[in-house]
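Below is data.txt, which holds compact mmCIF, C-alpha atoms and all ligand atoms.
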# COMPACT_ATOMS: atom_id res chain seq x y z
CA MET A 24 29.49 26.75 -84.89
CA ARG A 25 28.80 30.37 -83.96
CA TYR A 26 26.80 32.10 -86.69
CA SER A 27 27.48 35.72 -87.57
CA LYS A 28 25.30 38.70 -86.65
CA GLU A 29 24.68 39.31 -90.37
CA PHE A 30 22.98 35.91 -90.66
CA PHE A 31 20.40 37.00 -88.07
CA ALA A 32 20.12 40.49 -89.57
CA LEU A 33 19.26 38.98 -92.96
CA GLN A 34 16.44 36.94 -91.43
CA ILE A 35 15.14 39.97 -89.53
CA ARG A 36 15.13 41.93 -92.78
CA PHE A 37 12.98 39.19 -94.31
CA ALA A 38 10.68 39.21 -91.26
CA ARG A 39 10.11 42.96 -91.60
CA VAL A 40 8.87 42.46 -95.16
CA VAL A 41 6.52 39.71 -93.94
CA VAL A 42 5.20 42.06 -91.23
CA ALA A 43 4.54 44.75 -93.85
CA LEU A 44 2.66 42.25 -96.05
CA THR A 45 0.66 40.49 -93.34
CA ASP A 46 0.25 43.05 -90.55
CA ARG A 47 1.18 40.34 -88.02
CA PRO A 48 3.22 41.14 -84.86
CA ILE A 49 7.00 40.93 -85.35
CA ASP A 50 7.50 38.26 -82.64
CA GLU A 51 5.03 35.91 -84.36
CA VAL A 52 6.65 36.51 -87.72
CA LEU A 53 10.14 35.88 -86.33
CA LEU A 54 8.86 32.55 -84.96
CA ASP A 55 7.15 31.46 -88.18
CA TYR A 56 9.41 32.87 -90.89
CA THR A 57 12.96 32.64 -89.54
CA ASN A 58 15.39 30.05 -88.15
CA ILE A 59 15.97 32.13 -84.98
CA TYR A 60 13.98 29.88 -82.57
CA VAL A 61 16.09 26.88 -83.62
CA ARG A 62 19.31 28.91 -83.36
CA PHE A 63 18.46 29.77 -79.74
CA GLY A 64 18.67 26.02 -79.08
CA LEU A 65 14.94 25.74 -78.25
CA GLY A 66 14.30 22.68 -80.42
CA ARG A 67 11.66 22.41 -83.11
CA ALA A 68 8.36 22.71 -81.23
CA PHE A 69 8.11 26.42 -82.16
CA ASP A 70 6.26 27.05 -78.93
CA ARG A 71 5.44 30.75 -78.63
CA ASP A 72 4.97 30.26 -74.85
CA ASP A 73 8.44 28.78 -74.33
CA PRO A 74 9.86 30.90 -71.43
CA THR A 75 13.12 31.68 -73.26
CA TRP A 76 11.25 32.69 -76.40
CA ARG A 77 8.87 34.86 -74.34
CA ARG A 78 11.83 36.66 -72.77
CA TYR A 79 13.22 37.31 -76.25
CA ALA A 80 9.81 38.40 -77.62
CA ASP A 81 9.25 40.76 -74.69
CA GLY A 82 12.62 42.37 -75.35
CA LEU A 83 11.68 43.11 -78.96
CA SER A 84 9.27 45.82 -77.90
CA GLN A 85 11.92 47.46 -75.71
CA THR A 86 14.76 47.76 -78.21
CA ALA A 87 15.53 50.25 -80.95
CA ASP A 88 17.77 47.72 -82.70
CA ILE A 89 16.20 44.27 -83.19
CA SER A 90 19.31 42.81 -84.84
CA ASP A 91 21.48 43.84 -81.94
CA TRP A 92 19.01 42.51 -79.33
CA THR A 93 18.63 39.24 -81.23
CA TYR A 94 22.35 38.66 -81.56
CA ARG A 95 23.09 39.48 -77.93
CA PHE A 96 20.29 37.10 -76.91
CA TYR A 97 21.67 34.37 -79.20
CA LEU A 98 25.17 34.71 -77.72
CA GLU A 99 23.74 34.32 -74.21
CA GLN A 100 22.10 30.97 -74.98
CA LYS A 101 23.79 27.67 -74.22
CA THR A 102 25.33 25.90 -77.18
CA GLU A 103 22.71 24.32 -79.38
CA ALA A 104 21.18 21.10 -78.15
CA PRO A 105 22.02 18.19 -80.47
CA ARG A 106 19.08 16.92 -82.50
CA ALA A 107 17.50 14.32 -80.25
CA GLN A 108 16.51 11.91 -82.98
CA ILE A 109 19.97 11.54 -84.58
CA VAL A 110 20.90 7.83 -84.53
CA LYS A 111 24.46 7.99 -85.89
CA THR A 112 26.96 10.61 -87.04
CA SER A 113 29.79 9.95 -89.48
CA GLY A 114 31.95 13.02 -90.15
CA CYS A 115 29.79 15.67 -91.84
CA PHE A 116 26.78 13.36 -92.19
CA SER A 117 24.26 11.90 -89.80
CA TYR A 118 20.96 10.08 -90.02
CA ALA A 119 17.71 9.97 -88.11
CA ARG A 120 14.85 7.49 -88.36
CA GLN A 121 11.62 8.73 -89.84
CA GLY A 122 9.17 6.04 -88.94
CA PRO A 123 10.28 2.39 -89.21
CA ALA A 124 10.82 2.36 -92.98
CA CYS A 125 12.74 5.58 -93.71
CA VAL A 126 16.08 7.12 -92.71
CA ARG A 127 16.68 10.85 -93.09
CA VAL A 128 20.15 12.21 -93.99
CA HIS A 129 21.57 15.43 -92.49
CA PHE A 130 24.73 17.43 -93.25
CA ARG A 131 26.82 19.64 -90.98
CA ASN A 132 30.31 20.91 -91.80
CA ILE A 133 32.95 19.69 -89.36
CA GLU A 134 36.07 20.48 -91.40
CA PRO A 135 38.61 23.07 -90.17
CA ALA A 136 38.01 26.64 -91.43
CA ALA A 137 40.51 26.48 -94.31
CA ILE A 138 39.04 23.32 -95.87
CA SER A 139 36.17 23.32 -98.40
CA PRO A 140 34.06 20.39 -97.22
CA LEU A 141 32.42 19.81 -100.61
CA SER A 142 35.53 20.30 -102.75
CA ILE A 143 36.67 17.54 -105.12
CA ASP A 144 39.73 17.04 -102.87
CA ARG A 145 37.50 16.09 -99.96
CA LEU A 146 35.07 13.96 -101.99
CA PRO A 147 36.78 10.64 -101.06
CA GLU A 148 36.46 11.60 -97.39
CA ARG A 149 32.75 12.50 -97.78
CA LEU A 150 32.05 9.23 -99.63
CA ALA A 151 33.89 7.25 -96.93
CA GLU A 152 31.76 8.95 -94.27
CA LEU A 153 28.56 8.09 -96.14
CA ARG A 154 29.72 4.52 -96.66
CA ALA A 155 30.27 4.17 -92.90
CA LEU A 156 26.90 5.80 -92.22
CA PHE A 157 25.02 3.41 -94.49
CA ASP A 158 26.99 0.48 -93.15
CA HIS A 159 25.50 1.43 -89.78
CA VAL A 160 22.03 1.63 -91.35
CA ALA A 161 22.50 -1.81 -92.92
CA HIS A 162 23.44 -3.33 -89.56
CA ASN A 163 20.94 -1.51 -87.39
CA GLN A 164 17.91 -0.50 -89.46
CA GLN A 165 17.05 -3.70 -91.31
CA GLU A 166 13.44 -2.62 -91.71
CA ALA A 167 14.42 0.62 -93.51
CA THR A 168 13.44 0.66 -97.18
CA ARG A 169 13.74 4.38 -98.10
CA VAL A 170 16.20 7.26 -97.66
CA ALA A 171 15.00 10.88 -97.61
CA GLY A 172 16.56 14.32 -97.32
CA THR A 173 15.55 17.97 -97.61
CA SER A 174 18.04 20.77 -98.24
CA TRP A 175 19.09 23.67 -100.43
CA LEU A 176 22.34 21.68 -100.77
CA TYR A 177 20.73 19.35 -103.34
CA ASN A 178 21.00 22.24 -105.80
CA LEU A 179 24.82 21.99 -105.69
CA ARG A 180 26.66 19.63 -107.98
CA ALA A 181 29.37 19.41 -105.32
CA TYR A 182 26.81 17.94 -102.89
CA ARG A 183 24.78 15.86 -105.34
CA ARG A 184 27.85 13.88 -106.41
CA CYS A 185 28.00 12.36 -102.92
CA PHE A 186 24.71 10.49 -103.50
CA PRO A 187 23.14 7.94 -105.88
CA GLN A 188 21.73 9.32 -109.11
CA ALA A 189 18.11 8.20 -108.49
CA TYR A 190 18.10 10.00 -105.13
CA VAL A 191 19.19 13.40 -106.48
CA ALA A 192 17.05 12.98 -109.61
CA SER A 193 13.92 12.70 -107.41
CA ALA A 194 14.24 16.32 -106.20
CA VAL A 195 11.04 18.33 -105.79
CA VAL A 196 10.72 21.77 -104.19
CA ALA A 197 9.92 21.56 -100.47
CA GLU A 198 7.48 24.40 -99.76
CA ALA A 199 7.40 26.69 -96.72
CA ARG A 200 10.73 25.93 -95.06
CA PHE A 201 11.07 29.45 -93.67
CA ARG A 202 11.84 28.15 -90.16
CA ASN A 203 14.56 25.78 -91.29
CA MET A 204 18.25 25.61 -92.10
CA PRO A 205 17.50 23.54 -95.24
CA LEU A 206 16.44 26.91 -96.69
CA TRP A 207 18.44 29.54 -94.76
CA GLY A 208 21.73 27.59 -94.89
CA GLN A 209 22.33 28.82 -98.45
CA PHE A 210 23.34 32.22 -97.07
CA LEU A 211 26.18 30.80 -95.00
CA ASP A 212 29.69 29.84 -95.88
CA ARG A 213 31.48 27.09 -94.04
CA ASN A 214 32.65 29.52 -91.32
CA GLY A 215 29.15 30.75 -90.44
CA LEU A 216 29.62 34.05 -92.29
CA VAL A 217 27.04 35.39 -94.75
CA ARG A 218 27.74 34.78 -98.46
CA ILE A 219 27.66 38.30 -99.88
CA ASP A 220 26.47 37.43 -103.41
CA ALA A 221 23.61 35.21 -102.24
CA ALA A 222 22.53 37.78 -99.62
CA GLU A 223 22.57 40.66 -102.12
CA ASP A 224 20.53 38.67 -104.60
CA PHE A 225 18.02 37.86 -101.82
CA VAL A 226 17.69 41.50 -100.71
CA ARG A 227 17.23 42.63 -104.32
CA ARG A 228 14.39 40.14 -104.84
CA LEU A 229 12.90 41.02 -101.46
CA SER A 230 12.58 44.68 -102.41
CA ASN A 231 10.18 43.71 -105.25
CA VAL A 232 7.84 41.43 -103.30
CA LYS A 233 4.18 42.49 -103.34
CA HIS A 234 2.40 39.33 -102.10
CA VAL A 235 3.00 36.71 -99.41
CA ARG A 236 2.83 34.05 -102.10
CA ASP A 237 6.00 35.53 -103.68
CA LEU A 238 8.14 35.27 -100.52
CA ALA A 239 9.63 31.87 -101.38
CA SER A 240 10.88 33.12 -104.74
CA CYS A 241 13.15 35.64 -102.95
CA PHE A 242 15.45 32.75 -102.05
CA PRO A 243 18.00 32.19 -104.84
CA LEU A 244 17.86 28.42 -104.17
CA GLN A 245 14.85 26.43 -102.98
CA ALA A 246 14.93 23.67 -100.40
CA LEU A 247 14.66 20.39 -102.33
CA ALA A 248 13.14 17.16 -101.01
CA VAL A 249 14.72 13.94 -102.27
CA GLU A 250 13.90 10.27 -101.66
CA ALA A 251 15.01 6.90 -103.06
CA PRO A 252 15.07 3.17 -102.20
CA ILE A 253 17.78 2.19 -99.72
CA GLU A 254 19.16 -0.45 -102.13
CA ASP A 255 20.41 2.40 -104.33
CA PHE A 256 22.58 3.58 -101.42
CA TYR A 257 23.95 0.15 -100.62
CA ALA A 258 24.90 -0.30 -104.28
CA PHE A 259 26.39 3.21 -104.62
CA TYR A 260 28.64 2.86 -101.54
CA GLY A 261 29.53 -0.79 -102.21
CA LEU A 262 27.54 -2.25 -99.32
CA ALA A 263 25.01 -5.05 -99.09
CA ALA A 264 21.76 -5.00 -97.11
CA GLY A 265 22.07 -6.58 -93.65
CA GLY A 266 25.73 -5.55 -93.36
CA ARG A 267 27.28 -8.09 -95.76
CA HIS A 268 29.83 -6.05 -97.76
CA GLY A 269 29.52 -6.36 -101.52
C1 LIG B 301 27.27 23.80 -96.82
C2 LIG B 301 28.39 24.78 -96.57
C3 LIG B 301 29.45 24.11 -95.70
C4 LIG B 301 28.98 25.24 -97.88
O1 LIG B 301 29.96 26.21 -97.56
P1 LIG B 301 31.14 26.57 -98.57
O2 LIG B 301 32.11 27.35 -97.75
O3 LIG B 301 30.60 27.20 -99.79
O4 LIG B 301 31.68 25.11 -98.88
P2 LIG B 301 32.51 24.62 -100.13
O5 LIG B 301 33.68 25.53 -100.30
O6 LIG B 301 32.81 23.18 -99.91
O7 LIG B 301 31.51 24.87 -101.37
C5 LIG B 301 31.09 23.85 -102.19
C6 LIG B 301 30.62 24.40 -103.52
O8 LIG B 301 29.29 24.86 -103.42
C7 LIG B 301 29.20 26.22 -103.84
N1 LIG B 301 28.21 26.92 -103.03
C8 LIG B 301 28.17 26.92 -101.70
N2 LIG B 301 27.11 27.67 -101.29
C9 LIG B 301 26.50 28.13 -102.41
C10 LIG B 301 25.36 28.94 -102.65
N3 LIG B 301 24.64 29.45 -101.65
N4 LIG B 301 25.02 29.19 -103.92
C11 LIG B 301 25.74 28.69 -104.93
N5 LIG B 301 26.82 27.91 -104.77
C12 LIG B 301 27.20 27.64 -103.52
C13 LIG B 301 30.57 26.75 -103.63
O9 LIG B 301 30.81 27.89 -104.42
C14 LIG B 301 31.42 25.58 -104.04
O10 LIG B 301 31.43 25.45 -105.46
P3 LIG B 301 32.82 25.30 -106.24
O11 LIG B 301 33.49 24.08 -105.66
O12 LIG B 301 32.37 25.12 -107.65
O13 LIG B 301 33.53 26.57 -105.96
C15 LIG B 301 27.83 26.02 -95.82
O14 LIG B 301 26.91 26.67 -96.67
C16 LIG B 301 27.15 25.72 -94.52
O15 LIG B 301 27.77 25.30 -93.56
N6 LIG B 301 25.85 26.02 -94.47
C17 LIG B 301 25.06 25.93 -93.28
C18 LIG B 301 24.65 24.55 -92.95
C19 LIG B 301 23.66 24.02 -93.91
O16 LIG B 301 23.14 24.66 -94.79
N7 LIG B 301 23.41 22.75 -93.68
C20 LIG B 301 22.45 22.06 -94.44
C21 LIG B 301 21.22 22.03 -93.69
S1 LIG B 301 20.07 20.99 -94.51
Transcribe the structure of this file into structure tokens.
Ligand SMILES: CC(C)(COP(=O)(O)OP(=O)(O)OC[C@H]1O[C@@H](n2cnc3c(N)ncnc32)[C@H](O)[C@@H]1OP(=O)(O)O)[C@@H](O)C(=O)NCCC(=O)NCCS
Amino acid sequence: MRYSKEFFALQIRFARVVVALTDRPIDEVLLDYTNIYVRFGLGRAFDRDDPTWRRYADGLSQTADISDWTYRFYLEQKTEAPRAQIVKTSGCFSYARQGPACVRVHFRNIEPAAISPLSIDRLPERLAELRALFDHVAHNQQEATRVAGTSWLYNLRAYRRCFPQAYVASAVVAEARFRNMPLWGQFLDRNGLVRIDAAEDFVRRLSNVKHVRDLASCFPLQALAVEAPIEDFYAFYGLAAGGRHG
């Protein structure tokens, strides 16, 4: 998915406030407080000496319009590298292993533009995808005992209803996710455009920030971390551990 210029502009606006509060250079702040490094397809090492990042950072000092430079640079990059550690994808969902005992769930919209992926109409499809995903876990990750996730999406009833109750009930705020889509994704709609209401709310809150410690509260929704035993998932999707269907 190609993200809109406004999505980058919103993050740059946030970075400028961080610069004003911390007196740090803009390139460092863009690396530490925005999702731009990931969106350039550079992975998640956040290496300030990465040659592509250096080329981008050098250009910052030579442009009058950082948003424009950033978006042109983004469009020049290859399509994003898939996350290396993903084991299996099923429709909008995928999972990665996190150590031997835990699987981590990810979401990415793959529906056509006109379809609301989290709508009640599409709920049977989402549940079928998750059932297939956890069937794969049951067959291939026998040592897994826990399931974890982190996302702003766990604030939405439309997303929570796809998962077992104990999992969504375990939600705690995940601090300092400024580099990650589990926080910034709340400003996007399914077509990669900025959600006007959420962005306006964010900008309004941002204009009142006086301390670095208040930056997280500018985000209308927080990233939430959730975790639950894998048996809850097998029961919820009608599966049995080890791949024997219940
Ligand atoms: C997740 C995503 C597809 C939702 O987009 P969308 O176009 O709103 O999708 P839907 O139409 O299915 O919306 C589902 C519901 O959530 C609501 N919703 C979506 N984003 C919201 C937000 N930021 N704040 C409040 N409600 C929101 C919608 O209004 C809708 O509610 P409704 O059914 O009561 O009207 C989109 O935000 C996205 O692709 N984000 C980027 C990727 C991302 O964040 N991935 C997760 C990384 S961890």
Query - Within 12 Å of A:Phe157 using only C-alpha atoms, minus same-chain residues under 5 positions, as an MDAnalysis selection string - result: chainID A and resid 110:113 116:119 126:128 150:152 162:165 167 169:170 186 253:268
**Report entry** Point-to-point distance from atom O7 of ligand LIG 301 (chain B) to atom CA of A:Met204, Å rounded to tenths
**Finding:**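 Atom CA of A:Met204 lies 16.2 Å from atom O7 of ligand LIG 301 (chain B).
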Requested in this report: Write out as an MDAnalysis selection string each polymer residue (protein, DNA or RNA) that has an atom no more than 6 Å from ligand LIG 301 (chain B), with all atoms listed in the file counted.
Outcome: chainID A and resid 130:132 139:142 174 179 181 204:205 208:213 221
Let me see the file: selected residues, C-alpha atoms, as a PDB file, in the frame of the given file.
ATOM      1  CA  PHE A 130      24.730  17.430 -93.250  1.00  0.00           C
ATOM      2  CA  ARG A 131      26.820  19.640 -90.980  1.00  0.00           C
ATOM      3  CA  ASN A 132      30.310  20.910 -91.800  1.00  0.00           C
ATOM      4  CA  SER A 139      36.170  23.320 -98.400  1.00  0.00           C
ATOM      5  CA  PRO A 140      34.060  20.390 -97.220  1.00  0.00           C
ATOM      6  CA  LEU A 141      32.420  19.810-100.610  1.00  0.00           C
ATOM      7  CA  SER A 142      35.530  20.300-102.750  1.00  0.00           C
ATOM      8  CA  SER A 174      18.040  20.770 -98.240  1.00  0.00           C
ATOM      9  CA  LEU A 179      24.820  21.990-105.690  1.00  0.00           C
ATOM     10  CA  ALA A 181      29.370  19.410-105.320  1.00  0.00           C
ATOM     11  CA  MET A 204      18.250  25.610 -92.100  1.00  0.00           C
ATOM     12  CA  PRO A 205      17.500  23.540 -95.240  1.00  0.00           C
ATOM     13  CA  GLY A 208      21.730  27.590 -94.890  1.00  0.00           C
ATOM     14  CA  GLN A 209      22.330  28.820 -98.450  1.00  0.00           C
ATOM     15  CA  PHE A 210      23.340  32.220 -97.070  1.00  0.00           C
ATOM     16  CA  LEU A 211      26.180  30.800 -95.000  1.00  0.00           C
ATOM     17  CA  ASP A 212      29.690  29.840 -95.880  1.00  0.00           C
ATOM     18  CA  ARG A 213      31.480  27.090 -94.040  1.00  0.00           C
ATOM     19  CA  ALA A 221      23.610  35.210-102.240  1.00  0.00           C
TER      20      ALA A 221
END
Query raised in the report: For A:Tyr94, which of A:Ser27, A:Asn58, A:Asn214, A:Gln34 is the closest residue, counting all atoms listed in the file?
Result: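 Going through A:Ser27, A:Asn58, A:Asn214, A:Gln34 one by one, the smallest distance to A:Tyr94 is for A:Ser27.
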Requested in this report: Counting all atoms listed in the file, write as a list in words all protein and nucleic acid residues lying at most 7 Å from (10.1, 38.0, -106.1) in the file's frame.
Outcome: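 Within the cut-off we find Arg228, Leu229, Asn231, Val232, Asp237, Leu238, Ser240 and Cys241 of chain A.
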Requested in this report: Measure the distance from atom CA of A:Val249 to atom CA of A:Gly172 in Å and round it to one decimal.
Outcome: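 Between these atoms lies a distance of 5.3 Å.
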**Report entry** Neighbour list for A:Ser90 as a PyMOL selection string, cut-off 10 Å, all atoms listed in the file, skip fewer than 6 positions in-chain
**Finding:** chain A and resi 28-36+83+96
Query - Closest of A:Ala161, A:Ala251, A:Val217, A:Ala137 to A:Ala192 - atom-to-atom distances counting all atoms listed in the file - result: A:Ala251
**Report entry** Selection: 10 Å around stretch 67-79 of chain A, only C-alpha atoms, excl. self and same-chain fewer than 3 positions, as a ChimeraX atom specification
**Finding:** /A:50-51,54-55,58-61,63-64,82-84,92-93,96-97,100,106,202-203
Query - Nearest to A:Arg184, chosen from A:Val160, A:Leu153, A:Ala171, A:Ile138, with all atoms listed in the file counted in the distances - result: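 Looking only at the distances to A:Arg184, the closest residue turns out to be A:Leu153.
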Query - Atom pair atom CA of A:Pro147 / atom CA of A:Pro187: separation (Å) - result: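 Between atom CA of A:Pro147 and atom CA of A:Pro187 the gap works out to 14.7 Å.
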Requested in this report: Enumerate, as a count of residues only, the protein, DNA and RNA residues whose atoms approach (13.7, 23.0, -101.3) to within 9 Å, taking into account all atoms listed in the file and the coordinate frame of the file.
Outcome: 20
Query - Among listed residues A:Tyr26, A:Trp207, A:Tyr56, A:Phe225, nearest A:Leu98 (using only C-alpha atoms) - result: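 Using only C-alpha atoms, the shortest distance to A:Leu98 belongs to A:Tyr26.
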Could you complete stretch 112-130 of chain A so that it carries N, CA, C and O atoms, and give it back as a PDB file, keeping the file's coordinate frame?
ATOM      1  N   THR A 112      26.253   9.567 -86.304  1.00  0.00           N
ATOM      2  CA  THR A 112      26.960  10.610 -87.040  1.00  0.00           C
ATOM      3  C   THR A 112      28.241  10.024 -87.601  1.00  0.00           C
ATOM      4  O   THR A 112      28.919   9.242 -86.935  1.00  0.00           O
ATOM      5  N   SER A 113      28.546  10.397 -88.855  1.00  0.00           N
ATOM      6  CA  SER A 113      29.790   9.950 -89.480  1.00  0.00           C
ATOM      7  C   SER A 113      30.383  11.160 -90.201  1.00  0.00           C
ATOM      8  O   SER A 113      29.932  11.519 -91.291  1.00  0.00           O
ATOM      9  N   GLY A 114      31.369  11.811 -89.568  1.00  0.00           N
ATOM     10  CA  GLY A 114      31.950  13.020 -90.150  1.00  0.00           C
ATOM     11  C   GLY A 114      30.904  14.104 -90.325  1.00  0.00           C
ATOM     12  O   GLY A 114      30.230  14.495 -89.370  1.00  0.00           O
ATOM     13  N   CYS A 115      30.749  14.585 -91.566  1.00  0.00           N
ATOM     14  CA  CYS A 115      29.790  15.670 -91.840  1.00  0.00           C
ATOM     15  C   CYS A 115      28.346  15.188 -91.932  1.00  0.00           C
ATOM     16  O   CYS A 115      27.431  16.002 -92.034  1.00  0.00           O
ATOM     17  N   PHE A 116      28.125  13.886 -91.955  1.00  0.00           N
ATOM     18  CA  PHE A 116      26.780  13.360 -92.190  1.00  0.00           C
ATOM     19  C   PHE A 116      26.230  12.663 -90.951  1.00  0.00           C
ATOM     20  O   PHE A 116      26.991  12.147 -90.130  1.00  0.00           O
ATOM     21  N   SER A 117      24.918  12.650 -90.862  1.00  0.00           N
ATOM     22  CA  SER A 117      24.260  11.900 -89.800  1.00  0.00           C
ATOM     23  C   SER A 117      22.923  11.401 -90.353  1.00  0.00           C
ATOM     24  O   SER A 117      22.493  11.843 -91.418  1.00  0.00           O
ATOM     25  N   TYR A 118      22.312  10.485 -89.614  1.00  0.00           N
ATOM     26  CA  TYR A 118      20.960  10.080 -90.020  1.00  0.00           C
ATOM     27  C   TYR A 118      20.046   9.963 -88.812  1.00  0.00           C
ATOM     28  O   TYR A 118      20.496   9.745 -87.683  1.00  0.00           O
ATOM     29  N   ALA A 119      18.762  10.166 -89.105  1.00  0.00           N
ATOM     30  CA  ALA A 119      17.710   9.970 -88.110  1.00  0.00           C
ATOM     31  C   ALA A 119      16.704   9.004 -88.706  1.00  0.00           C
ATOM     32  O   ALA A 119      16.614   8.874 -89.929  1.00  0.00           O
ATOM     33  N   ARG A 120      15.930   8.332 -87.849  1.00  0.00           N
ATOM     34  CA  ARG A 120      14.850   7.490 -88.360  1.00  0.00           C
ATOM     35  C   ARG A 120      13.607   8.339 -88.548  1.00  0.00           C
ATOM     36  O   ARG A 120      13.303   9.203 -87.741  1.00  0.00           O
ATOM     37  N   GLN A 121      12.908   8.059 -89.627  1.00  0.00           N
ATOM     38  CA  GLN A 121      11.620   8.730 -89.840  1.00  0.00           C
ATOM     39  C   GLN A 121      10.584   7.626 -90.012  1.00  0.00           C
ATOM     40  O   GLN A 121      10.390   7.135 -91.130  1.00  0.00           O
ATOM     41  N   GLY A 122      10.020   7.211 -88.894  1.00  0.00           N
ATOM     42  CA  GLY A 122       9.170   6.040 -88.940  1.00  0.00           C
ATOM     43  C   GLY A 122      10.046   4.808 -89.117  1.00  0.00           C
ATOM     44  O   GLY A 122      11.270   4.924 -89.228  1.00  0.00           O
ATOM     45  N   PRO A 123       9.461   3.611 -89.145  1.00  0.00           N
ATOM     46  CA  PRO A 123      10.280   2.390 -89.210  1.00  0.00           C
ATOM     47  C   PRO A 123      10.943   2.183 -90.568  1.00  0.00           C
ATOM     48  O   PRO A 123      11.980   1.548 -90.655  1.00  0.00           O
ATOM     49  N   ALA A 124      10.373   2.739 -91.637  1.00  0.00           N
ATOM     50  CA  ALA A 124      10.820   2.360 -92.980  1.00  0.00           C
ATOM     51  C   ALA A 124      11.736   3.375 -93.656  1.00  0.00           C
ATOM     52  O   ALA A 124      12.222   3.124 -94.759  1.00  0.00           O
ATOM     53  N   CYS A 125      11.996   4.513 -93.011  1.00  0.00           N
ATOM     54  CA  CYS A 125      12.740   5.580 -93.710  1.00  0.00           C
ATOM     55  C   CYS A 125      13.848   6.139 -92.831  1.00  0.00           C
ATOM     56  O   CYS A 125      13.650   6.348 -91.635  1.00  0.00           O
ATOM     57  N   VAL A 126      15.028   6.382 -93.416  1.00  0.00           N
ATOM     58  CA  VAL A 126      16.080   7.120 -92.710  1.00  0.00           C
ATOM     59  C   VAL A 126      16.281   8.458 -93.404  1.00  0.00           C
ATOM     60  O   VAL A 126      16.174   8.559 -94.628  1.00  0.00           O
ATOM     61  N   ARG A 127      16.557   9.488 -92.586  1.00  0.00           N
ATOM     62  CA  ARG A 127      16.680  10.850 -93.090  1.00  0.00           C
ATOM     63  C   ARG A 127      18.124  11.324 -92.914  1.00  0.00           C
ATOM     64  O   ARG A 127      18.682  11.222 -91.814  1.00  0.00           O
ATOM     65  N   VAL A 128      18.730  11.822 -93.985  1.00  0.00           N
ATOM     66  CA  VAL A 128      20.150  12.210 -93.990  1.00  0.00           C
ATOM     67  C   VAL A 128      20.290  13.702 -93.671  1.00  0.00           C
ATOM     68  O   VAL A 128      19.520  14.526 -94.178  1.00  0.00           O
ATOM     69  N   HIS A 129      21.281  14.026 -92.815  1.00  0.00           N
ATOM     70  CA  HIS A 129      21.570  15.430 -92.490  1.00  0.00           C
ATOM     71  C   HIS A 129      23.049  15.720 -92.737  1.00  0.00           C
ATOM     72  O   HIS A 129      23.889  14.821 -92.654  1.00  0.00           O
ATOM     73  N   PHE A 130      23.348  17.000 -93.013  1.00  0.00           N
ATOM     74  CA  PHE A 130      24.730  17.430 -93.250  1.00  0.00           C
ATOM     75  C   PHE A 130      25.076  18.577 -92.302  1.00  0.00           C
ATOM     76  O   PHE A 130      24.272  19.480 -92.085  1.00  0.00           O
TER      77      PHE A 130
END
